[in-house]
Structure formats: C-alpha cells, structure tokens
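A short write-up of the structure that comes next.
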Amino acid sequence: MNHSHTAESDARLFHQFADMEQQHESWSLGMWVFLASEVLFFGALIFSFLLYRSVYWPTFLEGTHELDLVIGGINTAILLTSSFTMVLAVYTAQNGNHRMAAFWLIVTSLLGLAFIGVKIHEYGLKWEHHLIPIQGLEFEWHGEHPQQARMFFSFYFTLTGLHALHVLVGILAIWVVAYRVAKNHFGNDYMPVEIMGLYWHFVDLVWIFLYPILYLFRA
Amino acid sequence: MNRIATAASEEPSYLGGEHSIKSWLLTKDHKRIAVLYLISVTLFFIVGGIAALLVRLELLTPAGDLLTADGYNRAFTVHGIVMIFFFLIPGIPAVLGNFLIPLMIGARDLAFPRINLLSWYLYIVGGLIAVVTILLGGVDTGWTFYTPYSSVYANGAVVLTGLAAFVAGFSSILTGLNFIVTIHKMRAPGMTWFRLPLFVWAHYATSLIQMLATPVVALAILLVVIERAFGFGIFDPAVGGDPVLFQHLFWFYSHPAVYIMLLPGMGVMSELMAAFSRRRVFGYHIIAFSSLAIAALGFLVWGHHMFVSSQSPYAGLVFSILTMMVAAPSAIKVFNWTATLHKAEVRFDAPMLYALGFLGLFLIGGLTGVMLGTLGLDVHVHDTYFVVAHFHYVMVGAVVMAFLGGLHFWWPKMFGRMYPQLPARISAVLIFIGFNATFFPQFVVGYLGMPRRYWEYVPEFQIYHVMSTMGSFVLGVGYLLPLIYLLWSLRYGEKASENPWDAVGVEWLTPSPPTSHNFHETPTVVWEAYEHEMFPGSEVASGRPAAVPSHSRLAEAD
Ligand SMILES: [Cu+2]
C-alpha cells in the first residue's frame with residue numbers, strides 16, 4: 001500500500017479508505033453511478049414526452065411555436081458558459097489556486113441563478129398567456145386540440161421544472177463547496193470541486209437535450 | 001483462536017464503546033446502521049403482517065363481514081406497500097449486505113458511511129409518511145398504484161403514499177450506490193473479483209438494478225403525484241393521457257424489483273450451501289455470472305405483467321420468450337446448489353434448514369412463474385389467486401426463508417451469541433409447513449377462478465380460504481418464534497467464537513462481534529472463495545500458521 005501521501009492530504013483522508021487515490025476513485029465512481037441513475041430518471045420522462053409527441057405531433061408542434069426560441073437560446077448560452085466557468089474552477093483547483101477556484105465556482109453559481117431568473121420570467125410569460133395546465137386555472141388555446149396542448153405544457157413544465165430543481169440543488173451545493181474552497185478546507189485536494197463539476201456538467205447536458213426537443217424541432 | 005482476533009478483541013466491539021441513543025442515531029458504522037435497519041424492517045414486517053392477518057381473517061367466510069369493501073382494499077394495500085417497500089426491498093441488502101459486505105471484502109466500512117446513514121434516515125422518513133397515511137385511512141389502489149385508481153378515482157391519501165414510496169426509493173438508490181462503489185474500490189489486497197463471496201456478487205447485481213430501475217418508478221410515481229396535485233393528466237385518458245404508460249413505467253422497475261428482493265437471498269443461499277456442505281460452491285463462476293444475467297434480462301421482461309392490458313400480442317410474444325429466458329439463470333443456480341450438496345457431508349444446523357426451505361419454496365415459485373410467463377395460460381389465470389400464490393412463493397416464501405437463514409447464520413457474528421438450535425429448527429420447519437399450507441391452496445382456488453382483490457366470494461371456494469387462513473396462523477407462529485429466541489440469545493446465549501460454523505470468508509476472521517473498525521490490520525486474501533485448505537480461520541487449515549500479518553502473507557502468496 002502506498003504510504004507516500006503528504007501529511008496535509010492525510011488530514012483529508014477518511015478513515016474507511018487506505019489512501020487518497022482510493023478515496024478519489026471512490027468519490028468519482030460514486031458520482032458517475034449517481035448520474036447513471038439520473039439518466040434513467042430523465043430518460044424515462046423524455047421518452048414519455050417523445051412518445052406523446054409522436055402521437056399528437058401536430059399540436060405539440062404548435063406548442064413548440066408558443067415557446068420563445070430567443071429566451072431558450074439565452075438560457076442555453078448561460079448554461080454553456082457556466083459549464084466553461086466550472087471547467088475553470090476545476091482547473092484552478094487542480095493547480096492549487098483555491099482563491100481563483102472559489103471565484104469561478106461563485107461565477108458558475110451566479111450563471112445558474114441567471115438561468116433560474118430567465119426561467120421564472122419565461123414561466124411568467126406562460127402565466128400571462130394563460131398557458132399553465134394546472135387544474136382550476138384558465139387554459140386558453142386557439143388551436144384545434146386544447147387538451148393536447150395542455151398535455152404539451154404539462155410535459156414542458158414537468159421537464160423544465162425538474163431540470164430547474166436540479167439546477168437549484170446544484171447552486172446550493174456549489175455554495176457549500178465554494179465556501180470550503182475559499183476557507184482552504186480542502187488543501188490541495190481538488191476532488192470535491194471535480195465531483196461538483198461532474199454534477200454541474202450533467203445538469204447542463206440534460207438541458208442540451210431539453211432545448212432541442214422542446215424549442216428547436218419546429219417543422 | 002487466531003492472532004488477528006486475539007489482538008483485536010482487546011478493542012471494544014462495535015456494540016460496546018458508546019452506548020447513548022445519540023451515538024446510535026448518529027453512527028456511521030455500517031454494522032450499527034445494519035442493526036438500526038434490522039430493528040426497523042422488523043417493525044415494518046409486523047405492521048405489514050397485521051394487515052395480512054386482517055385480509056386472511058376477512059377471507060375466512062364468503063361474505064364480507066369483518067371489514068367493509070373499502071376497508072378490505074385498504075388493508076391489502078397497506079400489506080403490499082409496507083411489505084414490499086419497507087420490508088422486502090431493504091430487507092437483506094440493508095441489513096445483511098450492509099453488515100457483511102465490508103467485512104467480506106476486508107474493508108473498514110462502506111465507501112460512503114454518511115450516505116449510508118442518510119439512506120437509513122430516508123427509509124425512516126418514508127416509513128413514517130407511510131404510517132401517517134395508514135392512520136389517515138390509507139389508500140385503496142393496491143401497491144401497484146395503477147392509474148386511474150390512483151389518479152382520477154383515488155379517494156385516499158395517494159399523494160402522501162406516493163411520497164413515502166418515492167423517499168424509500170431514494171434510500172434504496174443510495175444503498176445501491178454505496179455497494180457498487182464499495183465492491184469496486186474497497187476490496188482488500190488479494191480479494192480479486194473471482195475470489196469474492198457469491199453473496200457479494202449477488203449484491204453487486206442487486207445494486208445495479210437499484211440504481212437503474214428505481215429512478216424510473218420514482219418518476220412514474222412522481223407523475224401520479226403531479227397529476228393528483230396539479231391535474232397534469234399525463235396518465236388520464238379523458239384528456240388524452242395514456243394509463244397504460246404508467247403500467248409500463250411501473251413494471252420497468254417492479255419486475256426487476258423482484259430481483260432486488262430475490263438476488264440477495266440467492267447470495268445468502270450460496271454462502272449457506274458452501275458453509276454447511278463444507279465445500280466450494282459448485283460452478284462458482286456460473287453462479288456469479290448468472291446473477292448479472294438475471295439483472296440484465298430482468299430489465300427486458302416487464303411486459304409479462306401486461307399481457308391483457310392492450311399491449312400488442314407480438315410484444316406479448318417477445319416478453320413471453322424473454323420471460324422463459326430469465327428463468328434459465330435462476331435454474332442454473334438451483335442446479336449448482338444441488339450439485340454442491342451432492343455427496344457432501346451436509347450439516348443440518350438451523351441456517352441450513354432455512355436454506356433447504358428456500359430451495360423448496362423457490363422451486364415452486366419459480367416453476368409457476370414460467371407457467372405464468374406463457375401467454376395463453378396467463379390470460380386464463382390473470383388476476384387470480386394463482387398469481388397471488390406464485391409471487392408470494394418467490395417474494396415471501398423464498399426471500400424470507402433466505403433472510404432468516406442468513407440472519408441465523410450470521411447472528412453469532414453480528415451479536416456474538418449463539419441461539420438455541422432446537423427452537424430455531426422448529427421454526428424453520430413451521431415456516432415451511434405454514435407457508436405451503438397458506439399458499440398452496442391459493443394455486444388451486446386461483447386456477448378454479450377465484451379473482452384476486454375480491455372481498456366476497458362464492459361459497460364453493462371457502463374450503464381453500466379456510467385452509468389458507470389456518471396455514472397463515474402456523475406461518476405467523478413460525479415467523480414470531482425467531483423474534484423470541486433470538487432476543488433471548490442476546491442475553492443468555494452462549495458466547496460465539498469467531499467462526500462457529502467453520503465457514504470460509506474474511507468476515508469469520510474478525511472477532512464476534514467485530515470491532516468498530518472491523519480489522520486491526522487490513523487482511524490479505526490468499527484463498528479462493530470457499531477454499532477451506534488455504535483459509536487461515538478454518539479447522540482444516542489449523543495446522544498452518546494462522547493469520548500471518550498481511551505483508552508477510554502477501555510475500556508467501558507471491
Ligand atoms: Cu415480472
């Protein structure tokens with residue numbers, strides 16, 4: 001077994017692991033396995049959406065036209081940028097620059113907040129246009145099949161809502177990690193930042209699927 | 001007594017040390033968490049058992065007299081939900097798996113002890129929500145939550161019950177995650193994949209299912225909850241939704257979930273077969289791979305629950321064939337276990353009697369499963385007691401036998417005490433007799449046409465229900481007995497040695513009960529699975545230098 005790790009990394013070693021390498025590999029695998037589980041969660045929902053889309057496609061297409069391509073595009077740009085700043089956070093953490101790492105983490109979380117802000121604005125527009133499919137609220141649809149349109153918006157809110165929830169959880173987690181990075185709790189152990197990055201990139205990736213199937217496929 | 005054990009026994013055991021309630025509720029020790037799980041699954045087993053008792057009492061007479069029709073629906077729903085989500089699914093993995101996997105692979109703990117504790121708390125929160133819904137009157141949907149019973153026509157606390165199942169599912173996912181990472185990354189030196197006990201292989205396969213299937217049912221239940229709460233009609237045909245989609249999503253999890261319950265039991269079986277025949281398990285590799293095969297094929301057969309649900313007959317055909325195929329790896333295991341026993345000097349201690357009980361019940365449950373997998377017969381007996389009897393034989397008969405067999409096998413390790421053999425043997429026999437008496441008549445009455453979930457029935461069927469209810473009392477006594485003598489043993493039982501059964505496995509090198517950190521020194525594994533000759537803790541190998549420190553043993557291995 002490898003006993004060459006430094007005193008500093010020893011302090012970060014949890015008792016159940018033999019060395020830092022084992023600890024890092026376990027954390028990383030743990031996050032990957034968790035994300036595999038998330039793939040199935042979103043996968044089942046996206047699959048259900050595509051199923052309904054294939055059956056009710058004319059109405060679902062009209063539904064797509066109700067969504068604002070520009071707003072969705074802005075949010076896509078925001079999230080892609082946040083993935084880039086997350087990469088910078090991991091990179092600087094790897095190089096032992098914990099101040100910069102904390103800085104980039106905070107920037108990432110602010111971009112996440114911006115995404116949520118835009119999303120809220122977008123939901124607000126749907127409210128104004130009476131496109132909220134909640135029972136008891138008026139749902140206005142001038143097309144031929146208001147029920148199918150309701151179905152489209154049910155999926156729209158479920159998909160984007162669950163995604164936004166994941167973004168929010170990510171923001172909270174980033175704040176915890178950023179605080180501890182800023183306080184130099186992790187020393188030169190950059191793994192917490194890397195794990196955080198894995199999660200954030202996954203949340204991004206989900207949006208990269210949602211954006212085309214909800215906004216882009218218009219013809 | 002070997003040297004590792006002597007040196008380590010000077011440290012307090014995981015049960016010693018701190019005694020406060022707080023030290024238990026905030027523990028990160030996988031062994032203490034396993035004990036917390038053991039207590040909680042037992043409590044839920046009693047809750048689910050009481051509901052089962054109500055169901056059986058109601059069915060004693062053809063008229064609906066004990067419960068109202070609605071009360072009956074709620075009783076069997078409580079029984080199903082509690083037993084499945086809060087007893088069977090966490091049962092073996094969260095209790096025995098939690099306790100044993102680190103010990104078996106020579107690790108100090110699971111990879112994520114805090115997540116392990118979190119998963120117990122999620123389980124408890126889910127369980128408490130379930131109890132609250134029962135107190136609020138429960139739900140009448142059956143454990144399957146089929147829409148539109150659970151959506152349009154729901155008249156109970158569906159949202160809360162769904163939440164309970166959702167939270168319990170989260171707990172299950174976290175347990176699976178912990179096991180996968182632990183088995184991949186935490187094995188001691190020399191513990192290669194093909195030296196792993198088959199119990200660990202079975203749990204690895206189980207964990208894969210927990211990770212990949214549970215999120216789908218979580219989503220399905222979430223959509224039902226959203227439908228109830230906000231009126232998004234994704235499963236509501238009145239607004240263009242598809243209720244059958246719910247069934248697809250539900251069974252995509254719930255068929256594999258049968259293997260979440262069964263595979264760990266099969267893992268226990270392999271250990272018991274090896275220990276009590278004092279042999280290496282016949283066909284080690286085949287059993288290991290058959291666990292993975294069951295996990296993989298198990299994902300492709302969900303449609304056999306939906307042969308009469310408007311699914312296309314061609315899909316039904318494919319699902320039927322795949323269902324036949326998934327029976328093969330299970331049968332392979334049974335053949336290999338039997339071959340292990342062939343001409344061996346088998347010892348019939350209590351755990352082995354439970355193991356033999358498993359074999360008998362699983363054989364009946366498995367074969368009737370193949371019958372139900374055939375399209376034509378399934379249409380005939382669909383939604384009858386034939387199906388009820390089949391899945392109880394597998395999920396209850398076999399799995400609880402394995403759970404109790406494993407508990408009796410590792411009890412001395414877990415608590416450092418032996419229990420009296422005679423009552424343990426009697427209860428194994430009582431359970432076997434009681435179980436068959438309860439459920440075999442249900443095959444018959446089901447085949448004759450008694451539908452499931454009915455509260456009243458035609459008088460011709462009464463004789464079968466009387467037999468079944470009487471059997472269930474024998475079964476109940478059989479299940480209660482271990483509770484008494486096992487608790488008794490905690491105080492009055494003989495002290496157990498490290499390896500009371502003379503079995504092979506890293507866990508038998510630790511003191512009984514183990515110390516908090518499991519191993520004084522990380523063990524090095526030089527023996528193949530179940531190989532007595534090379535195992536330092538074995539009586540056969542007692543002429544050899546026992547338990548040399550790890551580095552020198554490593555040198556020896558080279
Ligand atoms: Cu099935």
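Just so we're on the same page: first chain in the structure tokens is A, next is B, and so on; residues restart at 1 for each chain, and ligands are numbered from 1 in the order they show up.
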
Only residues of chain A matter here; which ones have an atom within 6 Å of chain B, counting only C-alpha atoms? Give them as a list in words. Gln16, Ser26, Gly30, Ser37, Phe41, Ile134, Gln135, Gln147 and Ser154 of chain A

Using only C-alpha atoms and all ligand atoms, what does the table of chain B residues within 7 Å of ligand 1 look like, with each row giving the shortest atom pair and its distance in Å to one decimal, sorted by chain and ascending number, as a Markdown table?
```
| residue | atom | partner | partner_atom_place_in_ligand_line | distance |
| --- | --- | --- | --- | --- |
| B:His255 | CA | ligand 1 | 1 (Cu) | 4.0 |
| B:Val301 | CA | ligand 1 | 1 (Cu) | 6.5 |
| B:Trp302 | CA | ligand 1 | 1 (Cu) | 5.5 |
| B:His304 | CA | ligand 1 | 1 (Cu) | 6.1 |
| B:His305 | CA | ligand 1 | 1 (Cu) | 5.9 |
```

Between atom CA of Ala295 of chain B and atom CA of Ile89 of chain B, measure the distance and give it in Å to one decimal. 14.9 Å

Minimum-distance residue to Gln94 of chain A, chosen among A:Ile171, A:Leu205, A:Val70, A:Met191 (using only C-alpha atoms):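 The shortest atom-to-atom distance to Gln94 of chain A comes from A:Met191.
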
Report as a ChimeraX atom specification all protein, DNA and RNA residues lying within 10 Å of Leu38 of chain B, evaluated on only C-alpha atoms, omitting residues in the same chain fewer than 6 positions from it. /B:32,87,90-92,94-96,407

Write the residues of the selection above to a file with N, CA and C atoms, as a short mmCIF file (atom, residue, chain, number, x, y, z; two decimals), in the first residue's frame.
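Done, and the output landed in selection.cif:
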```cif
data_model
loop_
_atom_site.label_atom_id
_atom_site.label_comp_id
_atom_site.auth_asym_id
_atom_site.auth_seq_id
_atom_site.Cartn_x
_atom_site.Cartn_y
_atom_site.Cartn_z
N ARG B 32 -23.50 -0.84 12.85
CA ARG B 32 -24.58 -0.27 13.68
C ARG B 32 -25.76 0.12 12.80
N PHE B 87 -40.11 -3.65 3.80
CA PHE B 87 -39.50 -4.86 4.36
C PHE B 87 -38.68 -5.62 3.32
N PRO B 90 -35.58 -3.36 1.29
CA PRO B 90 -34.38 -3.11 2.10
C PRO B 90 -33.91 -4.36 2.84
N GLY B 91 -34.81 -5.31 3.12
CA GLY B 91 -34.53 -6.45 3.99
C GLY B 91 -33.10 -6.96 3.96
N ILE B 92 -32.80 -7.84 3.00
CA ILE B 92 -31.49 -8.48 3.03
C ILE B 92 -30.36 -7.49 2.73
N ALA B 94 -30.01 -4.12 3.07
CA ALA B 94 -29.70 -3.07 4.05
C ALA B 94 -29.32 -3.65 5.40
N VAL B 95 -29.75 -4.88 5.70
CA VAL B 95 -29.38 -5.47 6.98
C VAL B 95 -28.11 -6.32 6.79
N LEU B 96 -28.27 -7.44 6.09
CA LEU B 96 -27.12 -8.37 5.98
C LEU B 96 -26.05 -7.79 5.06
N LEU B 407 -29.82 -14.57 8.62
CA LEU B 407 -29.80 -13.98 9.97
C LEU B 407 -29.31 -15.02 10.99
#
```

Name the residues in contact with Leu66 of chain B at a cut-off of 10 Å, using only C-alpha atoms, excluding same-chain residues fewer than 5 positions from it; report them as a list in words.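 Contacts, in chain order: Leu54, Val55, Leu57, Glu58, Leu59, Leu60, Thr61, Gly71, Tyr72 and Trp455 of chain B.
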
What does the file look like for those residues with C-alpha atoms, as a PDB file, in the first residue's frame?
```
ATOM      1  CA  LEU B  54     -56.853  -8.760   8.567  1.00  0.00           C
ATOM      2  CA  VAL B  55     -57.008  -9.837   4.927  1.00  0.00           C
ATOM      3  CA  LEU B  57     -59.471 -13.189   8.547  1.00  0.00           C
ATOM      4  CA  GLU B  58     -61.842 -11.390   6.208  1.00  0.00           C
ATOM      5  CA  LEU B  59     -61.497 -14.183   3.666  1.00  0.00           C
ATOM      6  CA  LEU B  60     -62.367 -16.875   6.184  1.00  0.00           C
ATOM      7  CA  THR B  61     -66.010 -16.569   5.185  1.00  0.00           C
ATOM      8  CA  GLY B  71     -61.548  -1.303   4.308  1.00  0.00           C
ATOM      9  CA  TYR B  72     -60.505  -4.557   2.673  1.00  0.00           C
ATOM     10  CA  TRP B 455     -63.665  -9.185  -0.672  1.00  0.00           C
TER      11      TRP B 455
END
```

Polymer residues at most 7 Å from Asp140 of chain B, only C-alpha atoms, same-chain spacing of 3 or more positions, as a list of chain:residue names: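 Selected residues are B:Asn73, B:Arg74, B:Thr77, B:Gly156.
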
If we count only C-alpha atoms, what is near Tyr530 of chain B at a cut-off of 12 Å, once residues fewer than 6 positions away on the same chain are taken out, given as a PyMOL selection string? chain B and resi 104+194-199+270-284+340+502-506+508+536-538

C-alpha atoms of the current selection, written as a compact mmCIF listing (two decimals), in the first residue's frame:
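The resulting file, again-v6.txt, is shown below:
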```txt
# COMPACT_ATOMS: atom_id res chain seq x y z
CA MET B 104 -16.43 -9.90 3.46
CA PHE B 194 -13.39 -14.05 -8.63
CA ARG B 195 -12.47 -14.53 -5.00
CA LEU B 196 -15.48 -12.52 -3.87
CA PRO B 197 -18.08 -14.44 -1.93
CA LEU B 198 -21.13 -15.07 -4.13
CA PHE B 199 -23.13 -13.07 -1.59
CA SER B 270 -24.69 -19.71 -1.94
CA GLU B 271 -22.98 -18.91 1.35
CA LEU B 272 -25.12 -21.37 3.30
CA MET B 273 -24.61 -24.14 0.76
CA ALA B 274 -20.86 -23.75 0.90
CA ALA B 275 -20.71 -23.49 4.68
CA PHE B 276 -22.91 -26.43 5.59
CA SER B 277 -21.64 -28.81 2.95
CA ARG B 278 -18.07 -27.67 3.73
CA ARG B 279 -17.35 -27.46 0.05
CA ARG B 280 -16.58 -24.92 -2.57
CA VAL B 281 -19.79 -23.95 -4.32
CA PHE B 282 -20.15 -25.96 -7.49
CA GLY B 283 -19.81 -23.69 -10.54
CA TYR B 284 -18.67 -20.51 -8.80
CA THR B 340 -22.82 -28.61 -4.18
CA ASP B 502 -16.24 -23.37 10.40
CA ALA B 503 -17.08 -21.39 7.28
CA VAL B 504 -14.73 -19.66 4.84
CA GLY B 505 -14.75 -15.89 4.41
CA VAL B 506 -12.95 -12.79 5.63
CA TRP B 508 -15.04 -15.13 10.00
CA PRO B 536 -6.48 -19.30 7.92
CA GLY B 537 -9.64 -19.38 10.02
CA SER B 538 -10.55 -22.91 9.01
```

At what distance in Å, to one decimal, does atom CA of Phe47 of chain A lie from atom CA of Gly63 of chain A?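 We find that atom CA of Gly63 of chain A and atom CA of Phe47 of chain A lie 17.8 Å from each other.
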
Using only C-alpha atoms, find the one residue out of A:Glu62, A:Glu144, A:Glu138, A:Glu25 that sits nearest to Phe217 of chain A.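 Residue with the minimum atom-to-atom distance to Phe217 of chain A: A:Glu62.
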
When distances are computed from only C-alpha atoms, which of A:Leu214, A:Glu21, A:Tyr190, A:Val118 shows the smallest separation from Phe49 of chain A? A:Leu214

Within 8 Å of Trp175 of chain A, counting only C-alpha atoms, which residues show up once you throw out same-chain ones fewer than 2 positions away? Write them as a list in words, please.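 The neighbour list is Leu105, Ile106, Ser109, Ile171, Leu172, Ala173, Val177, Ala178 and Tyr179 of chain A.
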
With all heavy atoms retained, export the selected residues as an mmCIF file, in the first residue's frame.
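This is the output file selection.cif:
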```
data_model
loop_
_atom_site.group_PDB
_atom_site.id
_atom_site.type_symbol
_atom_site.label_atom_id
_atom_site.label_comp_id
_atom_site.auth_asym_id
_atom_site.auth_seq_id
_atom_site.Cartn_x
_atom_site.Cartn_y
_atom_site.Cartn_z
ATOM 1 N N LEU A 105 -16.173 29.186 -9.013
ATOM 2 C CA LEU A 105 -17.365 28.472 -8.527
ATOM 3 C C LEU A 105 -18.516 29.454 -8.328
ATOM 4 O O LEU A 105 -19.659 29.197 -8.717
ATOM 5 C CB LEU A 105 -17.059 27.746 -7.217
ATOM 6 C CG LEU A 105 -16.314 26.408 -7.339
ATOM 7 C CD1 LEU A 105 -15.873 25.909 -5.970
ATOM 8 C CD2 LEU A 105 -17.196 25.369 -8.018
ATOM 9 N N ILE A 106 -18.185 30.606 -7.709
ATOM 10 C CA ILE A 106 -19.234 31.593 -7.461
ATOM 11 C C ILE A 106 -19.791 32.110 -8.787
ATOM 12 O O ILE A 106 -21.014 32.252 -8.955
ATOM 13 C CB ILE A 106 -18.676 32.759 -6.606
ATOM 14 C CG1 ILE A 106 -18.333 32.251 -5.198
ATOM 15 C CG2 ILE A 106 -19.670 33.911 -6.534
ATOM 16 C CD1 ILE A 106 -19.536 31.766 -4.408
ATOM 17 N N SER A 109 -22.169 29.643 -10.089
ATOM 18 C CA SER A 109 -23.455 29.627 -9.391
ATOM 19 C C SER A 109 -24.292 30.847 -9.780
ATOM 20 O O SER A 109 -25.520 30.753 -9.886
ATOM 21 C CB SER A 109 -23.243 29.575 -7.883
ATOM 22 O OG SER A 109 -22.856 30.843 -7.398
ATOM 23 N N ILE A 171 -26.785 24.752 -7.371
ATOM 24 C CA ILE A 171 -26.334 26.063 -6.886
ATOM 25 C C ILE A 171 -26.035 25.997 -5.390
ATOM 26 O O ILE A 171 -24.981 26.451 -4.927
ATOM 27 C CB ILE A 171 -27.400 27.144 -7.177
ATOM 28 C CG1 ILE A 171 -27.481 27.389 -8.690
ATOM 29 C CG2 ILE A 171 -27.081 28.429 -6.439
ATOM 30 C CD1 ILE A 171 -28.646 28.262 -9.104
ATOM 31 N N LEU A 172 -26.956 25.392 -4.636
ATOM 32 C CA LEU A 172 -26.744 25.280 -3.186
ATOM 33 C C LEU A 172 -25.474 24.497 -2.888
ATOM 34 O O LEU A 172 -24.656 24.888 -2.045
ATOM 35 C CB LEU A 172 -27.953 24.604 -2.527
ATOM 36 C CG LEU A 172 -29.243 25.422 -2.525
ATOM 37 C CD1 LEU A 172 -30.374 24.634 -1.893
ATOM 38 C CD2 LEU A 172 -29.028 26.738 -1.787
ATOM 39 N N ALA A 173 -25.294 23.382 -3.605
ATOM 40 C CA ALA A 173 -24.098 22.559 -3.373
ATOM 41 C C ALA A 173 -22.842 23.342 -3.722
ATOM 42 O O ALA A 173 -21.830 23.266 -3.017
ATOM 43 C CB ALA A 173 -24.181 21.271 -4.184
ATOM 44 N N VAL A 177 -19.469 24.101 -1.439
ATOM 45 C CA VAL A 177 -18.111 23.766 -1.879
ATOM 46 C C VAL A 177 -17.269 25.042 -1.981
ATOM 47 O O VAL A 177 -16.119 25.076 -1.525
ATOM 48 C CB VAL A 177 -18.144 23.019 -3.227
ATOM 49 C CG1 VAL A 177 -16.727 22.794 -3.750
ATOM 50 C CG2 VAL A 177 -18.869 21.691 -3.085
ATOM 51 N N ALA A 178 -17.856 26.112 -2.559
ATOM 52 C CA ALA A 178 -17.101 27.362 -2.752
ATOM 53 C C ALA A 178 -16.652 27.917 -1.402
ATOM 54 O O ALA A 178 -15.506 28.357 -1.246
ATOM 55 C CB ALA A 178 -17.952 28.378 -3.490
ATOM 56 N N TYR A 179 -17.544 27.874 -0.419
ATOM 57 C CA TYR A 179 -17.194 28.371 0.917
ATOM 58 C C TYR A 179 -16.001 27.606 1.469
ATOM 59 O O TYR A 179 -15.036 28.185 1.960
ATOM 60 C CB TYR A 179 -18.404 28.227 1.845
ATOM 61 C CG TYR A 179 -18.110 28.563 3.274
ATOM 62 C CD1 TYR A 179 -18.058 29.901 3.691
ATOM 63 C CD2 TYR A 179 -17.882 27.560 4.212
ATOM 64 C CE1 TYR A 179 -17.773 30.206 5.012
ATOM 65 C CE2 TYR A 179 -17.602 27.856 5.528
ATOM 66 C CZ TYR A 179 -17.550 29.186 5.923
ATOM 67 O OH TYR A 179 -17.260 29.485 7.226
#
```

With only C-alpha atoms as the basis for distance, which of A:Tyr156, A:Glu194, A:His145, A:Lys119 is at the shortest distance from Trp32 of chain A?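 Answer, going by the shortest atom-to-atom distance: A:Glu194.
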
Point-to-point distance in Å for atom CA of Leu122 of chain B and atom CA of Ala52 of chain B: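 Rounded to one decimal, the two atoms are 25.2 Å apart.
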
Please identify the helix (DSSP H, G or I) residues within segment 98-307 of chain B (assignment by DSSP from backbone atoms) and present them as an MDAnalysis selection string. chainID B and resid 98:105 113:135 158:185 193:195 198:230 237:239 243:277 284:300 302:305
